[in-house]
$ cat my_file-v3.pdb   # PDB, C-alpha atoms (C1' of nucleotides)
MODEL        1
ATOM      1  CA  MET H   1      29.617  96.760  50.191  1.00  0.00           C
ATOM      2  CA  SER H   2      31.774  94.254  52.052  1.00  0.00           C
ATOM      3  CA  VAL H   3      33.661  91.194  50.888  1.00  0.00           C
ATOM      4  CA  PRO H   4      31.903  87.895  51.831  1.00  0.00           C
ATOM      5  CA  PRO H   5      33.551  86.192  54.827  1.00  0.00           C
ATOM      6  CA  ASP H   6      34.222  83.031  52.837  1.00  0.00           C
ATOM      7  CA  TRP H   7      35.722  84.840  49.819  1.00  0.00           C
ATOM      8  CA  PRO H   8      39.066  83.333  48.682  1.00  0.00           C
ATOM      9  CA  THR H   9      42.094  85.257  49.899  1.00  0.00           C
ATOM     10  CA  GLY H  10      44.836  83.598  47.890  1.00  0.00           C
ATOM     11  CA  GLU H  11      45.623  82.053  44.522  1.00  0.00           C
ATOM     12  CA  THR H  12      45.367  78.406  45.585  1.00  0.00           C
ATOM     13  CA  GLU H  13      41.998  78.927  47.177  1.00  0.00           C
ATOM     14  CA  ALA H  14      40.710  80.857  44.157  1.00  0.00           C
ATOM     15  CA  LEU H  15      41.814  78.151  41.722  1.00  0.00           C
ATOM     16  CA  ALA H  16      40.012  75.519  43.794  1.00  0.00           C
ATOM     17  CA  GLU H  17      36.857  77.633  43.815  1.00  0.00           C
ATOM     18  CA  GLN H  18      36.940  77.922  39.998  1.00  0.00           C
ATOM     19  CA  GLU H  19      37.362  74.168  39.761  1.00  0.00           C
ATOM     20  CA  ARG H  20      34.393  73.626  42.081  1.00  0.00           C
ATOM     21  CA  LEU H  21      31.987  75.989  40.293  1.00  0.00           C
ATOM     22  CA  ARG H  22      32.956  75.404  36.668  1.00  0.00           C
ATOM     23  CA  PRO H  23      30.780  72.285  36.182  1.00  0.00           C
ATOM     24  CA  GLN H  24      27.695  74.396  36.878  1.00  0.00           C
ATOM     25  CA  VAL H  25      28.096  76.583  33.783  1.00  0.00           C
ATOM     26  CA  VAL H  26      25.390  76.144  31.135  1.00  0.00           C
ATOM     27  CA  THR H  27      26.723  76.880  27.661  1.00  0.00           C
ATOM     28  CA  GLU H  28      23.539  77.133  25.663  1.00  0.00           C
ATOM     29  CA  GLY H  29      20.374  79.159  25.779  1.00  0.00           C
ATOM     30  CA  PRO H  30      18.402  81.809  23.897  1.00  0.00           C
ATOM     31  CA  ALA H  31      18.876  85.511  23.271  1.00  0.00           C
ATOM     32  CA  PRO H  32      16.007  87.645  24.614  1.00  0.00           C
ATOM     33  CA  ASP H  33      13.326  89.008  22.295  1.00  0.00           C
ATOM     34  CA  ARG H  34      13.954  92.552  21.164  1.00  0.00           C
ATOM     35  CA  THR H  35      10.595  93.863  22.236  1.00  0.00           C
ATOM     36  CA  PRO H  36      10.080  96.948  24.425  1.00  0.00           C
ATOM     37  CA  GLY H  37      10.070  96.093  28.115  1.00  0.00           C
ATOM     38  CA  VAL H  38      12.757  93.405  27.901  1.00  0.00           C
ATOM     39  CA  LEU H  39      15.603  94.526  30.161  1.00  0.00           C
ATOM     40  CA  VAL H  40      19.330  93.889  29.923  1.00  0.00           C
ATOM     41  CA  ALA H  41      22.050  94.999  32.315  1.00  0.00           C
ATOM     42  CA  GLY H  42      25.657  96.101  32.017  1.00  0.00           C
ATOM     43  CA  VAL H  43      28.159  95.921  34.882  1.00  0.00           C
ATOM     44  CA  ASP H  44      31.640  97.368  35.315  1.00  0.00           C
ATOM     45  CA  VAL H  45      34.072  98.387  38.049  1.00  0.00           C
ATOM     46  CA  ALA H  46      36.661 101.115  38.668  1.00  0.00           C
ATOM     47  CA  TYR H  47      39.488 101.046  41.209  1.00  0.00           C
ATOM     48  CA  ASP H  48      41.598 103.201  43.409  1.00  0.00           C
ATOM     49  CA  ASP H  49      44.170 100.706  44.626  1.00  0.00           C
ATOM     50  CA  GLU H  50      45.973 103.387  46.648  1.00  0.00           C
ATOM     51  CA  LYS H  51      42.910 103.882  48.805  1.00  0.00           C
ATOM     52  CA  ASP H  52      41.852 100.239  48.517  1.00  0.00           C
ATOM     53  CA  VAL H  53      38.513 101.222  47.005  1.00  0.00           C
ATOM     54  CA  VAL H  54      36.470  99.588  44.258  1.00  0.00           C
ATOM     55  CA  ALA H  55      33.269 101.036  42.800  1.00  0.00           C
ATOM     56  CA  ALA H  56      30.872  98.875  40.790  1.00  0.00           C
ATOM     57  CA  ALA H  57      27.932  99.951  38.659  1.00  0.00           C
ATOM     58  CA  ALA H  58      24.945  98.098  37.248  1.00  0.00           C
ATOM     59  CA  VAL H  59      22.851  99.771  34.573  1.00  0.00           C
ATOM     60  CA  LEU H  60      19.527  98.456  33.310  1.00  0.00           C
ATOM     61  CA  LEU H  61      18.633  99.193  29.687  1.00  0.00           C
ATOM     62  CA  ASP H  62      15.574  98.448  27.602  1.00  0.00           C
ATOM     63  CA  TYR H  63      16.873  95.913  25.075  1.00  0.00           C
ATOM     64  CA  ALA H  64      14.768  97.295  22.231  1.00  0.00           C
ATOM     65  CA  THR H  65      15.293 101.029  22.704  1.00  0.00           C
ATOM     66  CA  LEU H  66      18.569 101.045  24.697  1.00  0.00           C
ATOM     67  CA  GLU H  67      17.077 103.617  27.057  1.00  0.00           C
ATOM     68  CA  VAL H  68      18.419 103.598  30.604  1.00  0.00           C
ATOM     69  CA  VAL H  69      15.792 102.308  33.023  1.00  0.00           C
ATOM     70  CA  GLU H  70      17.703 102.067  36.302  1.00  0.00           C
ATOM     71  CA  GLU H  71      21.212 102.558  37.718  1.00  0.00           C
ATOM     72  CA  THR H  72      22.851 101.270  40.904  1.00  0.00           C
ATOM     73  CA  THR H  73      26.340 101.414  42.402  1.00  0.00           C
ATOM     74  CA  ALA H  74      28.239  99.726  45.231  1.00  0.00           C
ATOM     75  CA  VAL H  75      31.489 100.857  46.817  1.00  0.00           C
ATOM     76  CA  GLY H  76      33.781  98.832  49.055  1.00  0.00           C
ATOM     77  CA  PRO H  77      37.268  97.516  49.749  1.00  0.00           C
ATOM     78  CA  VAL H  78      39.220  95.753  46.979  1.00  0.00           C
ATOM     79  CA  ALA H  79      38.581  92.029  47.448  1.00  0.00           C
ATOM     80  CA  PHE H  80      41.567  90.479  45.682  1.00  0.00           C
ATOM     81  CA  PRO H  81      44.760  91.469  43.812  1.00  0.00           C
ATOM     82  CA  TYR H  82      44.750  91.510  40.024  1.00  0.00           C
ATOM     83  CA  LEU H  83      45.985  88.187  38.723  1.00  0.00           C
ATOM     84  CA  PRO H  84      45.290  87.203  35.091  1.00  0.00           C
ATOM     85  CA  GLY H  85      42.777  84.358  35.131  1.00  0.00           C
ATOM     86  CA  LEU H  86      41.453  85.321  38.569  1.00  0.00           C
ATOM     87  CA  LEU H  87      39.829  88.648  37.728  1.00  0.00           C
ATOM     88  CA  ALA H  88      36.461  87.515  39.020  1.00  0.00           C
ATOM     89  CA  PHE H  89      37.718  87.352  42.596  1.00  0.00           C
ATOM     90  CA  ARG H  90      38.652  91.019  42.369  1.00  0.00           C
ATOM     91  CA  GLU H  91      35.462  92.303  40.776  1.00  0.00           C
ATOM     92  CA  LEU H  92      32.527  90.108  41.719  1.00  0.00           C
ATOM     93  CA  PRO H  93      31.825  91.105  45.340  1.00  0.00           C
ATOM     94  CA  ALA H  94      31.191  94.694  44.253  1.00  0.00           C
ATOM     95  CA  VAL H  95      29.372  93.659  41.063  1.00  0.00           C
ATOM     96  CA  THR H  96      26.944  91.287  42.787  1.00  0.00           C
ATOM     97  CA  GLU H  97      26.236  93.930  45.408  1.00  0.00           C
ATOM     98  CA  ALA H  98      25.427  96.506  42.712  1.00  0.00           C
ATOM     99  CA  LEU H  99      23.166  93.996  40.942  1.00  0.00           C
ATOM    100  CA  ARG H 100      21.298  93.378  44.186  1.00  0.00           C
ATOM    101  CA  GLY H 101      20.325  97.046  44.115  1.00  0.00           C
ATOM    102  CA  LEU H 102      18.305  96.667  40.927  1.00  0.00           C
ATOM    103  CA  THR H 103      14.566  96.351  41.457  1.00  0.00           C
ATOM    104  CA  VAL H 104      14.121  94.147  38.375  1.00  0.00           C
ATOM    105  CA  ARG H 105      16.066  91.071  37.278  1.00  0.00           C
ATOM    106  CA  PRO H 106      17.576  91.562  33.801  1.00  0.00           C
ATOM    107  CA  GLU H 107      17.213  88.938  31.055  1.00  0.00           C
ATOM    108  CA  VAL H 108      20.956  89.166  30.400  1.00  0.00           C
ATOM    109  CA  VAL H 109      23.964  90.733  32.094  1.00  0.00           C
ATOM    110  CA  VAL H 110      26.808  91.962  29.881  1.00  0.00           C
ATOM    111  CA  CYS H 111      30.227  91.769  31.565  1.00  0.00           C
ATOM    112  CA  ASP H 112      33.425  93.616  30.747  1.00  0.00           C
ATOM    113  CA  GLY H 113      35.781  90.649  30.220  1.00  0.00           C
ATOM    114  CA  TYR H 114      35.480  86.951  29.426  1.00  0.00           C
ATOM    115  CA  GLY H 115      33.296  83.969  30.195  1.00  0.00           C
ATOM    116  CA  LEU H 116      34.274  80.608  28.676  1.00  0.00           C
ATOM    117  CA  ALA H 117      37.233  82.229  26.931  1.00  0.00           C
ATOM    118  CA  HIS H 118      39.439  81.612  29.908  1.00  0.00           C
ATOM    119  CA  PRO H 119      42.398  79.327  30.645  1.00  0.00           C
ATOM    120  CA  ARG H 120      40.120  77.102  32.755  1.00  0.00           C
ATOM    121  CA  ARG H 121      36.869  78.001  30.950  1.00  0.00           C
ATOM    122  CA  PHE H 122      35.570  79.994  33.896  1.00  0.00           C
ATOM    123  CA  GLY H 123      36.046  83.728  33.382  1.00  0.00           C
ATOM    124  CA  LEU H 124      34.198  86.374  35.344  1.00  0.00           C
ATOM    125  CA  ALA H 125      31.084  86.331  33.147  1.00  0.00           C
ATOM    126  CA  SER H 126      30.571  82.599  33.740  1.00  0.00           C
ATOM    127  CA  HIS H 127      31.423  82.988  37.416  1.00  0.00           C
ATOM    128  CA  LEU H 128      28.862  85.780  37.835  1.00  0.00           C
ATOM    129  CA  GLY H 129      26.250  83.677  36.056  1.00  0.00           C
ATOM    130  CA  VAL H 130      26.773  80.682  38.326  1.00  0.00           C
ATOM    131  CA  LEU H 131      26.721  82.804  41.495  1.00  0.00           C
ATOM    132  CA  THR H 132      23.538  84.673  40.573  1.00  0.00           C
ATOM    133  CA  GLY H 133      21.725  82.286  38.241  1.00  0.00           C
ATOM    134  CA  LEU H 134      21.458  85.127  35.727  1.00  0.00           C
ATOM    135  CA  ARG H 135      22.086  84.744  32.004  1.00  0.00           C
ATOM    136  CA  THR H 136      25.467  86.363  31.245  1.00  0.00           C
ATOM    137  CA  ILE H 137      27.808  87.109  28.360  1.00  0.00           C
ATOM    138  CA  GLY H 138      31.369  88.439  28.288  1.00  0.00           C
ATOM    139  CA  VAL H 139      32.504  91.207  25.945  1.00  0.00           C
ATOM    140  CA  ALA H 140      36.213  92.025  26.214  1.00  0.00           C
ATOM    141  CA  LYS H 141      38.346  94.683  24.564  1.00  0.00           C
ATOM    142  CA  THR H 142      41.525  92.659  24.039  1.00  0.00           C
ATOM    143  CA  PRO H 143      42.195  89.064  22.894  1.00  0.00           C
ATOM    144  CA  PHE H 144      43.813  88.044  26.210  1.00  0.00           C
ATOM    145  CA  VAL H 145      45.848  84.883  25.549  1.00  0.00           C
ATOM    146  CA  PHE H 146      43.831  83.674  22.556  1.00  0.00           C
ATOM    147  CA  GLU H 147      44.350  83.647  18.796  1.00  0.00           C
ATOM    148  CA  HIS H 148      42.099  84.918  16.032  1.00  0.00           C
ATOM    149  CA  ARG H 149      42.125  85.954  12.386  1.00  0.00           C
ATOM    150  CA  GLU H 150      41.188  89.494  11.537  1.00  0.00           C
ATOM    151  CA  PRO H 151      37.406  89.476  10.954  1.00  0.00           C
ATOM    152  CA  GLY H 152      35.966  90.954   7.726  1.00  0.00           C
ATOM    153  CA  PRO H 153      35.688  94.754   7.505  1.00  0.00           C
ATOM    154  CA  ARG H 154      31.960  95.182   7.930  1.00  0.00           C
ATOM    155  CA  ARG H 155      29.830  95.473  11.054  1.00  0.00           C
ATOM    156  CA  GLY H 156      28.682  91.972  11.984  1.00  0.00           C
ATOM    157  CA  ASP H 157      31.703  90.211  10.469  1.00  0.00           C
ATOM    158  CA  TRP H 158      33.427  87.849  12.879  1.00  0.00           C
ATOM    159  CA  SER H 159      36.060  85.134  13.271  1.00  0.00           C
ATOM    160  CA  PRO H 160      36.537  82.424  15.889  1.00  0.00           C
ATOM    161  CA  LEU H 161      38.529  83.151  19.026  1.00  0.00           C
ATOM    162  CA  LEU H 162      40.743  80.129  19.564  1.00  0.00           C
ATOM    163  CA  ASP H 163      42.603  78.494  22.410  1.00  0.00           C
ATOM    164  CA  ARG H 164      45.009  75.980  20.855  1.00  0.00           C
ATOM    165  CA  GLY H 165      42.474  75.256  18.131  1.00  0.00           C
ATOM    166  CA  GLU H 166      39.408  75.117  20.348  1.00  0.00           C
ATOM    167  CA  THR H 167      36.751  77.786  19.770  1.00  0.00           C
ATOM    168  CA  VAL H 168      36.181  79.717  22.967  1.00  0.00           C
ATOM    169  CA  GLY H 169      34.538  82.860  21.610  1.00  0.00           C
ATOM    170  CA  ARG H 170      34.304  85.261  18.672  1.00  0.00           C
ATOM    171  CA  ALA H 171      36.096  88.386  17.507  1.00  0.00           C
ATOM    172  CA  VAL H 172      33.102  90.488  16.420  1.00  0.00           C
ATOM    173  CA  ARG H 173      33.265  93.645  14.332  1.00  0.00           C
ATOM    174  CA  THR H 174      30.663  96.002  15.809  1.00  0.00           C
ATOM    175  CA  ARG H 175      31.793  98.974  13.747  1.00  0.00           C
ATOM    176  CA  GLU H 176      33.411  99.371  10.348  1.00  0.00           C
ATOM    177  CA  GLY H 177      37.034 100.487  10.487  1.00  0.00           C
ATOM    178  CA  VAL H 178      37.346  99.779  14.213  1.00  0.00           C
ATOM    179  CA  LYS H 179      38.987  96.900  16.087  1.00  0.00           C
ATOM    180  CA  PRO H 180      36.652  94.007  16.945  1.00  0.00           C
ATOM    181  CA  VAL H 181      35.427  93.125  20.432  1.00  0.00           C
ATOM    182  CA  PHE H 182      35.853  89.637  21.891  1.00  0.00           C
ATOM    183  CA  VAL H 183      32.646  87.859  22.818  1.00  0.00           C
ATOM    184  CA  SER H 184      32.263  84.694  24.843  1.00  0.00           C
ATOM    185  CA  VAL H 185      29.534  82.685  26.527  1.00  0.00           C
ATOM    186  CA  GLY H 186      28.979  83.470  30.173  1.00  0.00           C
ATOM    187  CA  HIS H 187      26.113  81.325  31.464  1.00  0.00           C
ATOM    188  CA  ARG H 188      22.792  79.960  30.124  1.00  0.00           C
ATOM    189  CA  ILE H 189      23.439  81.154  26.568  1.00  0.00           C
ATOM    190  CA  GLY H 190      25.024  80.007  23.303  1.00  0.00           C
ATOM    191  CA  LEU H 191      27.878  81.697  21.463  1.00  0.00           C
ATOM    192  CA  THR H 192      25.813  82.715  18.426  1.00  0.00           C
ATOM    193  CA  GLU H 193      23.239  84.260  20.749  1.00  0.00           C
ATOM    194  CA  ALA H 194      25.922  86.067  22.757  1.00  0.00           C
ATOM    195  CA  ALA H 195      27.304  87.578  19.537  1.00  0.00           C
ATOM    196  CA  GLU H 196      23.794  88.569  18.427  1.00  0.00           C
ATOM    197  CA  ILE H 197      23.196  90.402  21.718  1.00  0.00           C
ATOM    198  CA  THR H 198      26.533  92.175  21.456  1.00  0.00           C
ATOM    199  CA  LEU H 199      25.697  93.511  17.994  1.00  0.00           C
ATOM    200  CA  ALA H 200      22.221  94.585  19.072  1.00  0.00           C
ATOM    201  CA  LEU H 201      23.684  96.527  21.992  1.00  0.00           C
ATOM    202  CA  ALA H 202      26.376  98.238  19.897  1.00  0.00           C
ATOM    203  CA  PRO H 203      24.567 100.009  17.036  1.00  0.00           C
ATOM    204  CA  HIS H 204      26.875 103.056  17.030  1.00  0.00           C
ATOM    205  CA  TYR H 205      30.027 102.451  19.022  1.00  0.00           C
ATOM    206  CA  ARG H 206      32.602  99.686  19.344  1.00  0.00           C
ATOM    207  CA  LEU H 207      31.436  98.641  22.830  1.00  0.00           C
ATOM    208  CA  PRO H 208      27.904  97.659  23.881  1.00  0.00           C
ATOM    209  CA  GLU H 209      25.821 100.494  25.361  1.00  0.00           C
ATOM    210  CA  THR H 210      25.501  98.456  28.543  1.00  0.00           C
ATOM    211  CA  THR H 211      29.276  98.487  29.036  1.00  0.00           C
ATOM    212  CA  ARG H 212      29.620 102.159  28.106  1.00  0.00           C
ATOM    213  CA  ARG H 213      26.948 103.255  30.568  1.00  0.00           C
ATOM    214  CA  ALA H 214      28.250 101.046  33.372  1.00  0.00           C
ATOM    215  CA  ASP H 215      31.824 102.222  32.751  1.00  0.00           C
ATOM    216  CA  SER H 216      30.939 105.873  33.010  1.00  0.00           C
ATOM    217  CA  LEU H 217      28.743 105.310  36.069  1.00  0.00           C
ATOM    218  CA  CYS H 218      31.307 103.365  38.105  1.00  0.00           C
ATOM    219  CA  ARG H 219      33.937 106.009  37.367  1.00  0.00           C
ATOM    220  CA  ARG H 220      31.620 108.708  38.646  1.00  0.00           C
ATOM    221  CA  ALA H 221      30.842 106.640  41.746  1.00  0.00           C
ATOM    222  CA  LEU H 222      34.554 106.148  42.437  1.00  0.00           C
ATOM    223  CA  ALA H 223      35.298 109.841  41.974  1.00  0.00           C
ATOM    224  CA  ALA H 224      32.473 110.787  44.324  1.00  0.00           C
ATOM    225  CA  GLU H 225      33.712 108.310  46.940  1.00  0.00           C
ATOM    226  CA  THR H 226      37.332 109.383  46.632  1.00  0.00           C
ATOM    227  CA  ALA H 227      36.375 113.039  47.019  1.00  0.00           C
ATOM    228  CA  ALA H 228      33.825 112.789  49.817  1.00  0.00           C
ATOM    229  CA  ASP H 229      35.053 110.065  52.190  1.00  0.00           C
ATOM    230  CA  VAL H 230      37.976 110.259  54.691  1.00  0.00           C
ATOM    231  CA  GLN H 231      36.157 107.671  56.800  1.00  0.00           C
TER     232      GLN H 231
ATOM    233  C1'  DG R   1      63.101  80.063  35.525  1.00  0.00           C
ATOM    234  C1'  DC R   2      61.030  84.329  33.080  1.00  0.00           C
ATOM    235  C1'  DG R   3      57.677  86.851  30.656  1.00  0.00           C
ATOM    236  C1'  DA R   4      52.851  87.431  28.808  1.00  0.00           C
ATOM    237  C1'  DC R   5      48.454  87.957  30.559  1.00  0.00           C
ATOM    238  C1'  DA R   6      40.606  89.957  30.775  1.00  0.00           C
ATOM    239  C1'  DG R   7      40.360  94.550  34.054  1.00  0.00           C
TER     240       DG R   7
ATOM    241  C1'  DA Z   1      42.513  99.112  35.503  1.00  0.00           C
ATOM    242  C1'  DT Z   2      45.153 103.805  35.492  1.00  0.00           C
ATOM    243  C1'  DC Z   3      48.051 108.225  33.963  1.00  0.00           C
ATOM    244  C1'  DT Z   4      44.871 112.158  30.530  1.00  0.00           C
ATOM    245  C1'  DT Z   5      43.644 117.749  26.357  1.00  0.00           C
ATOM    246  C1'  DG Z   6      43.370 118.747  22.481  1.00  0.00           C
ATOM    247  C1'  DT Z   7      43.080 117.266  18.119  1.00  0.00           C
ATOM    248  C1'  DC Z   8      42.937 114.862  13.467  1.00  0.00           C
ATOM    249  C1'  DG Z   9      39.353 112.874  10.697  1.00  0.00           C
ATOM    250  C1'  DC Z  10      34.820 111.059   8.961  1.00  0.00           C
TER     251       DC Z  10
ENDMDL
END

$ encode --input "my_file-v3.pdb" --output "C-alpha cells"
Amino acid sequence: MSVPPDWPTGETEALAEQERLRPQVVTEGPAPDRTPGVLVAGVDVAYDDEKDVVAAAAVLLDYATLEVVEETTAVGPVAFPYLPGLLAFRELPAVTEALRGLTVRPEVVVCDGYGLAHPRRFGLASHLGVLTGLRTIGVAKTPFVFEHREPGPRRGDWSPLLDRGETVGRAVRTREGVKPVFVSVGHRIGLTEAAEITLALAPHYRLPETTRRADSLCRRALAAETAADVQ
DNA sequence: GCGACAG
DNA sequence: ATCTTGTCGC
C-alpha cells in the first residue's frame, strides 16, 4: 500500500478536505436484510509508529450467520500523525487498500471509531463512506468528546450521544453488565439502523464480530510485517 | 494559553 | 493505538 499523492500532509489541508467532502454524506438509509448470503465487512488498523508501519485488515462476514467469508490486509507507511478529529487521514489509505482486496462489495462496512459523531460531523466512518460509496457505520469504544446518560442495564438498551444537546449517535448496551459502545451514522444509513446492525453483529461480546475479527487480523498482519521485513 | 481528545 | 500473564468471576 502507498499513500495517495494528493493525500493531505498537514492539519490545515486536512480540515479543508473534511469541509469539502462533508456535504456528500447521506444520513439515512436501510439496514440490510438478515438473510444468508448478505455480506458485511469490518475494518481496523494497527500501527508500529517506530517503524512507520500501518497494517489494515478487512474481513467479510455473512450477516446472518457471522461466518467469515473472506479476509484481506494491506501494509504501508503511516499516512498522517494522530490528531483527534483527523483520525481518518491516518487510517483511510490503508483501509481503502484492504477493502479493494475483497472480491465482493459488502452491504455495510463497520468502522472502529465515529461517523457523524465528530466535531465537524465527518468522522472516519463518514469519510470512508464518501470516498468509497459504501454504506458505513461507526462503532467506537469510548465517548470521545460527547455526553451521554448511562443506558439501561439490558442488552439493547441505549441513550443518546450528545454534542451540546444535539444527538450525534447512541450509547448502546450490547451486553449486560458491560460498558456500552458508541454508535454513529457513517454514510447512507440512519441512526436507528446503525444501532440495529451493531446489536445484530454483537450477540456475545461487547464489540461487533466484524471489529473483533478485523482487529485480530490487522495485529497479525503487523506482527508478520514487523518480523519478516528489513526492506 | 493549556489541557482533553475516536484510534 | 500501545505496553501485556495470569487471574478473578460468571

$ resolve_selection --input "my_file-v3.pdb" --expression "the PyMOL selection byres ((chain H and resi 39) around 12)" --output "JSON, numbers by chain"
{"H": [31, 32, 33, 34, 35, 36, 37, 38, 40, 41, 42, 59, 60, 61, 62, 63, 64, 65, 66, 67, 68, 69, 70, 102, 103, 104, 105, 106, 107, 108, 109, 110, 135, 201, 210]}

$ axis_aligned_box --input "my_file-v3.pdb" --around "chain R" --padding-each-side "3 Å" --output "AutoDock Vina command-line options"
--center_x 51.7 --center_y 87.3 --center_z 32.2 --size_x 28.7 --size_y 20.5 --size_z 12.7

$ resolve_selection --input "my_file-v3.pdb" --expression "the PyMOL selection byres ((chain R and resi 6) around 8)" --output "ChimeraX atom specification"
/H:84-85,87,113-114,140,142,144 /R:7

$ closest_atom_pairs --input "my_file-v3.pdb" --of "chain H" --to "chain Z" --cutoff "10 Å" --atoms "all atoms listed in the file" --output "CSV"
residue,atom,partner,partner_atom,distance
H:Val45,CA,Z:DA1,C1',8.8
H:Ala46,CA,Z:DA1,C1',6.9
H:Tyr47,CA,Z:DA1,C1',6.7
H:Asp48,CA,Z:DT2,C1',8.7
H:Asp49,CA,Z:DA1,C1',9.4
H:Tyr82,CA,Z:DA1,C1',9.1

$ resolve_selection --input "my_file-v3.pdb" --expression "the PyMOL selection byres ((chain H and resi 184) around 8)" --output "list in words"
Tyr114, Gly115, Leu116, Ala117, Ile137, Gly138, Val139, Val168, Gly169, Arg170, Phe182, Val183, Val185, Gly186, Leu191, Ala194 and Ala195 of chain H

$ atom_distance --input "my_file-v3.pdb" --atom1 "CA of His187 (chain H)" --atom2 "CA of Val26 (chain H)"
5.2 Å

$ closest_residue --input "my_file-v3.pdb" --among "H:Pro81, H:Gly129, H:Pro180, H:Gly10" --to "chain R" --atoms "only C-alpha atoms (C1' of nucleotides)"
H:Pro81

$ residues_around --input "my_file-v3.pdb" --residues "Ala88 (chain H)" --least-positions-apart "4" --cutoff "10 Å" --atoms "all atoms listed in the file" --output "VMD selection string"
(chain H and resid 14 18 79 to 80 82 to 84 92 to 93 95 113 to 114 122 to 128) or (chain R and resid 6 to 7)

$ atom_distance --input "my_file-v3.pdb" --atom1 "CA of Glu11 (chain H)" --atom2 "CA of Val53 (chain H)"
20.6 Å

$ atom_distance --input "my_file-v3.pdb" --atom1 "CA of Glu19 (chain H)" --atom2 "CA of Ala55 (chain H)"
27.3 Å

$ residues_around --input "my_file-v3.pdb" --residues "Pro30 (chain H)" --least-positions-apart "2" --cutoff "7 Å" --atoms "all atoms listed in the file" --output "VMD selection string"
chain H and resid 32 189 to 190 193

$ residues_around --input "my_file-v3.pdb" --residues "Asp157 (chain H)" --least-positions-apart "3" --cutoff "8 Å" --atoms "all atoms listed in the file" --output "JSON, numbers by chain"
{"H": [151, 152, 153, 154, 172, 173, 174]}

$ closest_residue --input "my_file-v3.pdb" --among "H:Val145, H:Asp215, H:Ala98, H:Glu13" --to "chain R" --atoms "all atoms listed in the file"
H:Val145

$ decode --input "my_file-v3.pdb" --residues "region 31-42 of chain H" --atoms "N, CA, C and O atoms" --output "mmCIF file, in the first residue's frame"
data_model
loop_
_atom_site.group_PDB
_atom_site.id
_atom_site.type_symbol
_atom_site.label_atom_id
_atom_site.label_comp_id
_atom_site.auth_asym_id
_atom_site.auth_seq_id
_atom_site.Cartn_x
_atom_site.Cartn_y
_atom_site.Cartn_z
ATOM 1 N N ALA H 31 -31.059 -0.785 6.879
ATOM 2 C CA ALA H 31 -30.159 -1.850 7.322
ATOM 3 C C ALA H 31 -30.379 -3.006 6.347
ATOM 4 O O ALA H 31 -31.462 -3.150 5.799
ATOM 5 N N PRO H 32 -29.354 -3.816 6.118
ATOM 6 C CA PRO H 32 -29.509 -4.964 5.207
ATOM 7 C C PRO H 32 -30.458 -6.010 5.807
ATOM 8 O O PRO H 32 -30.696 -6.017 7.011
ATOM 9 N N ASP H 33 -30.965 -6.873 4.951
ATOM 10 C CA ASP H 33 -31.785 -7.996 5.431
ATOM 11 C C ASP H 33 -30.867 -9.022 6.075
ATOM 12 O O ASP H 33 -29.763 -9.260 5.582
ATOM 13 N N ARG H 34 -31.360 -9.653 7.114
ATOM 14 C CA ARG H 34 -30.517 -10.678 7.764
ATOM 15 C C ARG H 34 -30.829 -12.051 7.180
ATOM 16 O O ARG H 34 -31.325 -12.941 7.860
ATOM 17 N N THR H 35 -30.513 -12.176 5.902
ATOM 18 C CA THR H 35 -30.710 -13.459 5.238
ATOM 19 C C THR H 35 -29.350 -13.963 4.781
ATOM 20 O O THR H 35 -28.473 -13.165 4.430
ATOM 21 N N PRO H 36 -29.133 -15.270 4.812
ATOM 22 C CA PRO H 36 -27.840 -15.842 4.428
ATOM 23 C C PRO H 36 -27.412 -15.345 3.054
ATOM 24 O O PRO H 36 -28.229 -15.245 2.138
ATOM 25 N N GLY H 37 -26.135 -14.996 2.932
ATOM 26 C CA GLY H 37 -25.622 -14.513 1.659
ATOM 27 C C GLY H 37 -25.416 -13.010 1.659
ATOM 28 O O GLY H 37 -24.677 -12.491 0.825
ATOM 29 N N VAL H 38 -26.045 -12.305 2.592
ATOM 30 C CA VAL H 38 -25.827 -10.861 2.713
ATOM 31 C C VAL H 38 -24.505 -10.666 3.454
ATOM 32 O O VAL H 38 -24.300 -11.238 4.530
ATOM 33 N N LEU H 39 -23.612 -9.871 2.880
ATOM 34 C CA LEU H 39 -22.269 -9.736 3.446
ATOM 35 C C LEU H 39 -21.992 -8.371 4.050
ATOM 36 O O LEU H 39 -22.359 -7.340 3.487
ATOM 37 N N VAL H 40 -21.352 -8.385 5.209
ATOM 38 C CA VAL H 40 -20.962 -7.138 5.875
ATOM 39 C C VAL H 40 -19.455 -7.220 6.134
ATOM 40 O O VAL H 40 -18.903 -8.309 6.247
ATOM 41 N N ALA H 41 -18.821 -6.052 6.220
ATOM 42 C CA ALA H 41 -17.375 -6.054 6.432
ATOM 43 C C ALA H 41 -16.997 -5.278 7.684
ATOM 44 O O ALA H 41 -17.702 -4.370 8.109
ATOM 45 N N GLY H 42 -15.871 -5.672 8.273
ATOM 46 C CA GLY H 42 -15.297 -4.929 9.387
ATOM 47 C C GLY H 42 -13.896 -4.517 8.981
ATOM 48 O O GLY H 42 -13.209 -5.265 8.275
#
